[in-house]
Every structure is written in structure tokens, then in C-alpha cells.
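Below is query.tsv, which holds TSV, C-alpha atoms and all ligand atoms.
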```tsv
chain	number	residue	atom	x	y	z
T	234	MET	CA	-4.44	0.75	-26.39
T	235	GLU	CA	-6.33	2.94	-23.95
T	236	ARG	CA	-9.12	5.47	-24.24
T	237	LEU	CA	-7.86	8.98	-24.85
T	238	ASP	CA	-10.00	10.50	-22.10
T	239	LYS	CA	-8.62	8.04	-19.54
T	240	ILE	CA	-5.05	8.78	-20.59
T	241	LEU	CA	-5.64	12.51	-20.21
T	242	ALA	CA	-7.40	12.13	-16.86
T	243	ASN	CA	-4.51	9.98	-15.62
T	244	SER	CA	-2.10	12.65	-16.77
T	245	GLY	CA	-3.56	15.31	-14.54
T	246	TYR	CA	-5.86	17.11	-16.99
T	247	GLY	CA	-8.84	16.88	-14.69
T	248	SER	CA	-11.80	14.56	-14.36
T	249	ARG	CA	-13.16	12.57	-17.30
T	250	LYS	CA	-15.74	15.35	-17.69
T	251	ASP	CA	-13.08	18.10	-17.79
T	252	VAL	CA	-11.09	16.07	-20.27
T	253	LYS	CA	-14.08	15.57	-22.56
T	254	LYS	CA	-14.48	19.35	-22.70
T	255	LEU	CA	-10.78	19.76	-23.45
T	256	ILE	CA	-11.03	17.29	-26.33
T	257	LYS	CA	-14.20	18.98	-27.69
T	258	SER	CA	-12.43	22.33	-27.67
T	259	GLY	CA	-9.94	20.96	-30.21
T	260	LEU	CA	-6.83	21.38	-28.08
T	261	ILE	CA	-5.76	17.76	-28.31
T	262	GLU	CA	-3.90	16.28	-31.25
T	263	VAL	CA	-2.89	12.70	-31.85
T	264	ASP	CA	-0.04	12.31	-34.36
T	265	GLY	CA	-0.59	15.86	-35.52
T	266	LYS	CA	-4.34	15.50	-36.11
T	267	LYS	CA	-6.97	17.27	-34.02
T	268	VAL	CA	-9.27	14.83	-32.28
T	269	LYS	CA	-12.82	15.57	-31.27
T	270	SER	CA	-13.88	12.23	-29.85
T	271	SER	CA	-13.13	11.17	-26.28
T	272	ASN	CA	-13.52	7.49	-26.77
T	273	ILE	CA	-10.85	6.89	-29.41
T	274	GLN	CA	-8.24	4.32	-28.48
T	275	VAL	CA	-4.65	5.45	-28.39
T	276	ASP	CA	-1.39	3.61	-27.90
T	277	VAL	CA	0.68	5.83	-25.63
T	278	LYS	CA	3.91	4.20	-26.79
T	279	GLU	CA	3.18	4.55	-30.51
T	280	ASN	CA	1.06	7.70	-30.82
T	281	ASN	CA	2.18	11.22	-30.06
T	282	ILE	CA	-0.43	13.04	-28.01
T	283	THR	CA	-0.18	16.80	-27.64
T	284	VAL	CA	-2.17	19.08	-25.37
T	285	LYS	CA	-2.17	22.72	-26.50
T	286	GLY	CA	0.87	21.84	-28.64
T	287	GLU	CA	2.85	20.21	-25.84
T	288	THR	CA	3.68	16.53	-25.90
T	289	LEU	CA	1.95	14.60	-23.16
T	290	ILE	CA	4.20	12.57	-20.91
T	291	TYR	CA	2.14	9.61	-19.91
T	292	LYS	CA	2.20	8.10	-16.50
T	293	LYS	CA	0.70	4.63	-16.43
T	294	HIS	CA	1.28	3.71	-12.83
T	295	ILE	CA	0.68	5.49	-9.59
T	296	TYR	CA	2.32	4.72	-6.25
T	297	LEU	CA	0.86	6.21	-3.09
T	298	MET	CA	1.85	6.10	0.55
T	299	MET	CA	-1.13	6.47	2.88
T	300	ASN	CA	-1.23	6.79	6.63
T	301	LYS	CA	-4.34	4.66	7.01
T	302	PRO	CA	-6.73	5.78	9.73
T	303	ALA	CA	-8.77	3.40	11.89
T	304	GLY	CA	-12.34	2.69	10.79
T	305	VAL	CA	-11.58	2.44	7.07
T	306	VAL	CA	-11.22	-0.85	5.19
T	307	SER	CA	-8.29	-1.73	2.93
T	308	ALA	CA	-10.38	-2.59	-0.09
T	309	THR	CA	-11.42	-0.95	-3.34
T	310	PHE	CA	-15.12	-1.40	-2.60
T	311	ASP	CA	-17.24	-2.22	0.42
T	312	ASN	CA	-20.99	-2.33	0.92
T	313	TYR	CA	-20.90	-0.92	4.46
T	314	ASP	CA	-17.62	0.75	5.28
T	315	GLU	CA	-15.63	3.61	3.91
T	316	THR	CA	-12.63	2.30	1.96
T	317	VAL	CA	-9.12	3.65	1.56
T	318	ILE	CA	-10.02	4.45	-2.07
T	319	ASP	CA	-12.80	6.76	-0.82
T	320	LEU	CA	-10.06	8.87	0.80
T	321	LEU	CA	-8.35	9.59	-2.55
T	322	GLU	CA	-8.75	12.69	-4.67
T	323	GLU	CA	-10.41	12.12	-8.02
T	324	TYR	CA	-7.13	12.46	-9.91
T	325	HIS	CA	-5.43	9.70	-7.92
T	326	ALA	CA	-8.55	7.52	-7.91
T	327	SER	CA	-8.68	7.76	-11.72
T	328	PHE	CA	-5.70	5.41	-11.90
T	329	ASN	CA	-7.77	2.70	-10.21
T	330	PRO	CA	-5.20	1.95	-7.52
T	331	PHE	CA	-5.64	-0.82	-4.98
T	332	PRO	CA	-4.00	-1.46	-1.62
T	333	VAL	CA	-0.85	-3.58	-1.57
T	334	GLY	CA	-1.80	-6.13	1.09
T	335	ARG	CA	-4.36	-5.39	3.73
T	336	LEU	CA	-4.49	-3.75	7.09
T	337	ASP	CA	-7.39	-4.54	9.42
T	338	LYS	CA	-10.12	-1.93	9.80
T	339	ASP	CA	-8.74	-0.89	13.22
T	340	THR	CA	-5.06	-0.96	12.17
T	341	VAL	CA	-3.42	2.34	11.28
T	342	GLY	CA	-0.26	3.30	9.45
T	343	LEU	CA	1.57	2.59	6.26
T	344	LEU	CA	-0.46	1.41	3.32
T	345	ILE	CA	0.89	1.49	-0.21
T	346	LEU	CA	-1.61	1.87	-3.01
T	347	THR	CA	-0.77	1.28	-6.64
T	348	ASN	CA	-2.19	0.10	-9.94
T	349	ASP	CA	1.09	-1.71	-10.70
T	350	GLY	CA	0.19	-5.39	-10.47
T	351	ASP	CA	3.80	-6.55	-10.73
T	352	LEU	CA	4.89	-4.48	-7.77
T	353	ASN	CA	1.90	-5.68	-5.79
T	354	HIS	CA	2.84	-9.30	-6.47
T	355	LYS	CA	6.45	-8.74	-5.52
T	356	MET	CA	5.57	-7.05	-2.24
T	357	ILE	CA	2.95	-9.46	-0.99
T	358	SER	CA	4.31	-12.79	-2.21
T	359	PRO	CA	5.87	-14.67	0.75
T	360	LYS	CA	8.50	-15.85	-1.74
T	361	TRP	CA	10.10	-12.41	-1.69
T	362	HIS	CA	10.34	-12.23	2.12
T	363	VAL	CA	9.40	-8.59	2.37
T	364	ASN	CA	9.63	-7.30	5.95
T	365	LYS	CA	6.59	-5.63	7.44
T	366	VAL	CA	7.27	-3.78	10.67
T	367	TYR	CA	4.54	-2.95	13.17
T	368	TYR	CA	4.41	-0.94	16.35
T	369	ALA	CA	2.01	-2.69	18.73
T	370	GLU	CA	0.57	-2.07	22.16
T	371	ILE	CA	-0.16	-5.24	24.11
T	372	ASP	CA	-2.45	-5.63	27.12
T	373	LYS	CA	0.04	-7.68	29.17
T	374	VAL	CA	3.72	-8.00	29.94
T	375	VAL	CA	5.71	-9.20	26.92
T	376	ASP	CA	8.91	-11.04	27.90
T	377	GLU	CA	11.93	-12.96	26.65
T	378	GLU	CA	9.86	-16.13	26.28
T	379	ASP	CA	7.61	-14.34	23.81
T	380	ILE	CA	10.68	-13.17	21.87
T	381	ARG	CA	11.93	-16.75	21.63
T	382	ALA	CA	8.49	-18.06	20.64
T	383	PHE	CA	8.24	-15.47	17.86
T	384	GLU	CA	11.74	-16.43	16.68
T	385	ASP	CA	10.83	-20.13	16.62
T	386	GLY	CA	7.60	-19.50	14.69
T	387	ILE	CA	4.26	-19.14	16.46
T	388	GLU	CA	1.51	-21.67	15.83
T	389	ILE	CA	-1.70	-19.68	15.40
T	390	ASP	CA	-5.33	-20.75	16.05
T	391	ASP	CA	-5.85	-22.63	12.77
T	392	GLY	CA	-2.72	-24.74	13.34
T	393	TYR	CA	-0.57	-22.78	10.88
T	394	LYS	CA	3.03	-22.34	12.01
T	395	CYS	CA	4.15	-18.82	11.18
T	396	MET	CA	7.56	-18.04	9.76
T	397	PRO	CA	10.09	-16.75	12.30
T	398	ALA	CA	9.27	-13.23	13.40
T	399	LYS	CA	11.23	-10.64	15.31
T	400	LEU	CA	9.86	-9.13	18.48
T	401	ASP	CA	11.53	-6.12	20.13
T	402	ILE	CA	10.27	-4.89	23.49
T	403	LEU	CA	10.27	-1.09	23.73
T	404	ASN	CA	8.89	-0.76	27.26
T	405	VAL	CA	6.69	-2.52	29.77
T	406	ASP	CA	4.60	-1.13	32.63
T	407	SER	CA	1.49	-1.93	34.61
T	408	ASN	CA	-0.69	-1.05	31.58
T	409	GLY	CA	1.01	-3.58	29.31
T	410	SER	CA	3.80	-3.45	26.72
T	411	ARG	CA	4.90	-1.48	23.71
T	412	VAL	CA	6.70	-3.59	21.11
T	413	MET	CA	7.93	-3.69	17.51
T	414	VAL	CA	7.10	-6.77	15.46
T	415	THR	CA	8.67	-7.74	12.13
T	416	ILE	CA	6.94	-10.35	9.99
T	417	GLN	CA	7.34	-11.43	6.40
T	418	GLU	CA	3.93	-12.93	5.82
T	419	GLY	CA	0.53	-11.33	5.69
T	420	LYS	CA	-1.96	-13.86	7.02
T	421	PHE	CA	-5.35	-12.52	8.06
T	422	HIS	CA	-5.03	-10.78	11.48
T	423	GLN	CA	-1.55	-12.25	11.72
T	424	VAL	CA	0.04	-10.09	14.41
T	425	LYS	CA	-3.09	-10.20	16.57
T	426	ARG	CA	-3.30	-13.98	16.23
T	427	MET	CA	0.39	-14.42	17.04
T	428	PHE	CA	-0.10	-12.56	20.32
T	429	LEU	CA	-3.36	-14.40	21.02
T	430	ALA	CA	-1.40	-17.65	20.76
T	431	ARG	CA	0.65	-16.24	23.67
T	432	ASN	CA	-2.55	-15.31	25.56
T	433	LYS	CA	-2.01	-11.60	24.92
T	434	LYS	CA	-4.11	-9.05	23.15
T	435	VAL	CA	-3.04	-6.39	20.66
T	436	VAL	CA	-4.84	-3.21	21.68
T	437	TYR	CA	-3.25	-0.89	19.11
T	438	LEU	CA	-1.49	-1.73	15.86
T	439	LYS	CA	0.34	0.54	13.47
T	440	ARG	CA	2.40	-0.50	10.44
T	441	VAL	CA	5.55	1.60	10.21
T	442	SER	CA	7.36	0.01	7.29
T	443	PHE	CA	6.83	-2.26	4.37
T	444	GLY	CA	10.00	-3.50	2.66
T	445	ARG	CA	12.23	-0.48	2.21
T	446	ILE	CA	9.39	2.00	2.53
T	447	HIS	CA	8.97	3.70	5.89
T	448	LEU	CA	5.90	5.61	6.95
T	449	ASP	CA	6.45	9.33	6.54
T	450	GLU	CA	5.26	10.48	9.97
T	451	SER	CA	4.46	13.94	8.58
T	452	ILE	CA	1.48	12.39	6.76
T	453	LYS	CA	-1.54	12.70	9.03
T	454	GLU	CA	-3.85	9.70	9.47
T	455	GLY	CA	-6.21	9.69	6.49
T	456	ASP	CA	-3.79	11.58	4.26
T	457	TYR	CA	-1.44	10.28	1.62
T	458	ARG	CA	1.14	11.34	-0.93
T	459	GLU	CA	2.83	9.89	-3.99
T	460	LEU	CA	6.03	7.96	-3.32
T	461	THR	CA	9.10	10.09	-3.99
T	462	GLU	CA	11.37	9.11	-6.87
T	463	GLY	CA	13.88	7.80	-4.33
T	464	GLU	CA	11.28	5.65	-2.58
T	465	LEU	CA	10.01	4.37	-5.88
T	466	LYS	CA	13.51	3.36	-6.96
T	467	GLN	CA	13.88	1.52	-3.67
T	468	VAL	CA	10.73	-0.54	-4.16
T	469	LEU	CA	11.14	-1.16	-7.84
T	470	ASN	CA	14.76	-2.27	-7.51
T	471	SER	CA	14.60	-4.06	-4.20
T	472	GLY	CA	13.27	-7.36	-5.51
T	473	GLY	CA	11.99	-7.98	-2.04
T	474	ASP	CA	14.26	-7.84	0.95
T	475	SER	CA	15.26	-11.36	1.57
T	476	PHE	CA	16.39	-11.89	5.12
T	477	THR	CA	17.08	-14.72	7.49
T	478	PRO	CA	16.14	-14.65	11.17
T	479	SER	CA	19.78	-13.92	12.09
T	480	GLU	CA	19.60	-10.69	10.13
T	481	PHE	CA	16.64	-9.43	12.15
I	1	LIG	N1	-1.59	-8.14	11.57
I	1	LIG	C1	-2.82	-7.91	12.08
I	1	LIG	O1	-3.26	-8.60	12.98
I	1	LIG	N2	-3.54	-6.91	11.56
I	1	LIG	C2	-3.11	-6.11	10.58
I	1	LIG	O2	-3.81	-5.19	10.17
I	1	LIG	C3	-1.82	-6.35	10.06
I	1	LIG	C4	-1.09	-7.38	10.57
```
Before we go any further, please render this structure as C-alpha cells.
Ligand code: URA
Amino acid sequence: MERLDKILANSGYGSRKDVKKLIKSGLIEVDGKKVKSSNIQVDVKENNITVKGETLIYKKHIYLMMNKPAGVVSATFDNYDETVIDLLEEYHASFNPFPVGRLDKDTVGLLILTNDGDLNHKMISPKWHVNKVYYAEIDKVVDEEDIRAFEDGIEIDDGYKCMPAKLDILNVDSNGSRVMVTIQEGKFHQVKRMFLARNKKVVYLKRVSFGRIHLDESIKEGDYRELTEGELKQVLNSGGDSFTPSEF
């Protein structure tokens, strides 16, 4: 059971305030009866809700792809910093989405936001081995030894031995290196700490994919869109993308 005004707001009929007006104006019926109260509880599976005579098709979950900008925290609330939720329009925020896993404040790129707890669990649980791919700029020369160390599993500062990770070197010059890193875990500052264990510093970090979802590069930093039906099918049916190091 959910409040009628929340259901309507989640279905694109405006803010809670707009929806209250809509209900007051007598345009909403539940099982053929006009309702005038916003706070009645309705079961979207059992009750038939109509708006101006048309049956409401209820969407319970929302799935967003954001190109996270730097300077914004991946949280639903923060006392000091702007959060990724602050970047959402009221309609999308009304679903109460949360970020699937976290990116550091200075990390940019792909962030999925949803209110689907099951999907969240599936994508962040190490059990499902979901690949996260990052583009990183490193202050020093990255070499074959680093690739092997990543493959073997890097021991980070707290003594934790990371799962095998894949490191691809894109190019190296006197300013440092550009690389792609694929990890399956999501420990706090993981990529940065893996490079620190090799005495190297990540100076720029951007997530480009998460499981089967790739960042749509046409989304500007700070913008977002809903996942397409195709993308949604990919995440909902993938069951995580189990891989072994040899499949990197
Ligand atoms: N690894 C990091 O160090 N930071 C991130 O934001 C994501 C992965």
C-alpha cells in the first residue's frame, strides 16, 4: 500500500503539491470512485487508479544513469557538500533514488541511481563479480610490473589483498600514464589505494562502465537520463557478470 499522492507524483503528474490539487479537483478515481483525499493508501496492484478517465500505469522503480561531476558526493544527504540527489529534477527525486555504490567526491563518470534495492544489492555485492571499468591518469610511468601486480592482487594500505584486477596501459609520456583499470570490488578509494601501493598517484579518475552499462558520453557532467529499456534489460537479466582473470 502506498499513499495516492506519492503514486501520482512518481507517475509524472507533478510535485506532491500539484498532485494534491489534481486530487482536490476530482479528476482521480480509485476503483471507479472519485477520491478527494491525498493521503489515502492504495495498492497499485489491486486498485485501478484513473486520471481524467485514463488508467494510470504505475512505475515503482526508477533507474538513472548520471555522468557524475567532480565536487559532488555520492550520497543521498550530506551536511556540507552538494549530493548527486541535489542534481535531480523533482520528478526523479520523488522516487527517492540512491546511488548504486559510491564514487569519491573528485571522481567523475558513470553513476547509476535507483530505488530498486534488489538491483543495488546485485550490482555491489562482490559475490556477483560485477566489473567496474575506470579510465585513470597516473602521475608516473605505469609498466608491465604494475600490470602483473594488479593481476596477482594488490595488497593495499590496511593489509587487504585485492581481488585480481586488470590494468591496460593506453599511453605513457613524461607527464605520466593514461590507463584503464577493471575491478570487481568497491573498497573505499580502491583504485587510488591500489596505485598508492605501487607508489603512484591517481590524478584523474573516471568510471566508464559498471557491469553491462557503459557511460553514455553524450551526457554532460552533472546531467543524467533514465536507462533505456535495452540497458535496463541488460542489468536486470545479467545476474552480475561473473568473470575470471583470464577473461579480462
Ligand atoms: N576507486 C577510487 O579510488 N575512487 C573511486 O571513486 C572509485 C574507485
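Here atom CA of T:Arg426 is placed at a distance of 23.3 Å from atom CA of T:Asp314.
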Nearest-residue call for T:Ile357, choices T:Ile416, T:Ile282, T:Ala326, T:Val305, using all atoms listed in the file: T:Ile416
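Residues in contact with ligand LIG 1 (chain I) (atom pairs separated by at most 9 Å; all atoms listed in the file) are Gly334, Arg335, Leu336, Asp337, Lys338, Asp339, Thr340, Val341, Lys365, Tyr367, Ile416, Glu418, Gly419, Lys420, Phe421, His422, Gln423, Val424, Lys425, Arg426, Met427, Phe428, Val435, Leu438, Lys439 and Arg440 of chain T.
The closest residue to T:Glu279, picked from T:Asp401, T:Ser248, T:Lys394, T:Asp264 and counting only C-alpha atoms, is T:Asp264.
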Residues proximal to (10.6, -5.5, 4.8) were defined as those with any atom within 6 Å of that point in the file's coordinates, counting all atoms listed in the file. Which are they, as a CSV table (one decimal) with C-alpha atoms, keeping the file's coordinate frame?
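See result_11.csv below for the written result:
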```
chain,number,residue,atom,x,y,z
T,363,VAL,CA,9.4,-8.6,2.4
T,364,ASN,CA,9.6,-7.3,6.0
T,365,LYS,CA,6.6,-5.6,7.4
T,443,PHE,CA,6.8,-2.3,4.4
T,444,GLY,CA,10.0,-3.5,2.7
T,445,ARG,CA,12.2,-0.5,2.2
T,474,ASP,CA,14.3,-7.8,1.0
```
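Of the listed residues T:Gly245, T:Ile240, T:Glu464, T:Gly286, the one whose atoms come nearest to T:Gly259 is T:Gly286, with distances taken using all atoms listed in the file.
The spacing separating atom CA of T:Glu384 from atom CA of T:Gly342 amounts to 24.2 Å.
With distances taken over all atoms listed in the file, T:Met234 is the one residue among T:Asp251, T:Met234, T:Ser307, T:Lys257 lying closest to T:Asp276.
Atom CA of T:Lys373 is positioned 20.7 Å from atom CA of T:Asp385.
The closest residue to T:Phe331, picked from T:Lys285, T:His294, T:His447, T:Lys360 and counting all atoms listed in the file, is T:His294.
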Contacts of T:Asp351 within 12 Å, only C-alpha atoms, excl. fewer than 5 positions in-chain, as a list in words: His294, Val333, Met356, Ile357, Ser358, Val468, Leu469 and Gly472 of chain T
Neighbour residues at most 12 Å from (12.7, -11.5, 14.2) (all atoms listed in the file) as an MDAnalysis selection string: chainID T and resid 364:367 379:387 395:402 413:417 476:481
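If only C-alpha atoms are the atoms counted, then among T:Lys355, T:Val252, T:Leu344, T:Ser451 the closest residue to T:Asn470 is T:Lys355.
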Can you check which parts of stretch 354-468 of chain T lie within 6 Å of stretch 299-302 of chain T? Per residue, the shortest pair of atoms and distance in Å to one decimal, counting only C-alpha atoms, sorted by chain and number, as a tab-separated table.
```
residue	atom	partner	partner_atom	distance
T:Glu454	CA	T:Asn300	CA	4.8
T:Gly455	CA	T:Pro302	CA	5.1
T:Asp456	CA	T:Met299	CA	5.9
T:Tyr457	CA	T:Met299	CA	4.0
```
All residues 6 Å or closer to T:Thr283, all atoms listed in the file, same chain fewer than 6 positions away omitted, as a VMD selection string: chain T and resid 261 to 262 289
May I have the selected residues written with C-alpha atoms, as a PDB file, in the coordinates of the input?
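result.pdb was written with the following content:
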```pdb
ATOM      1  CA  ILE T 261      -5.760  17.760 -28.310  1.00  0.00           C
ATOM      2  CA  GLU T 262      -3.900  16.280 -31.250  1.00  0.00           C
ATOM      3  CA  LEU T 289       1.950  14.600 -23.160  1.00  0.00           C
TER       4      LEU T 289
END
```
Exercise: T:Ile345 partners within 6 Å, only C-alpha atoms, chain neighbours under 5 positions left out, as number ranges by chain: T: 297-298, 332-333
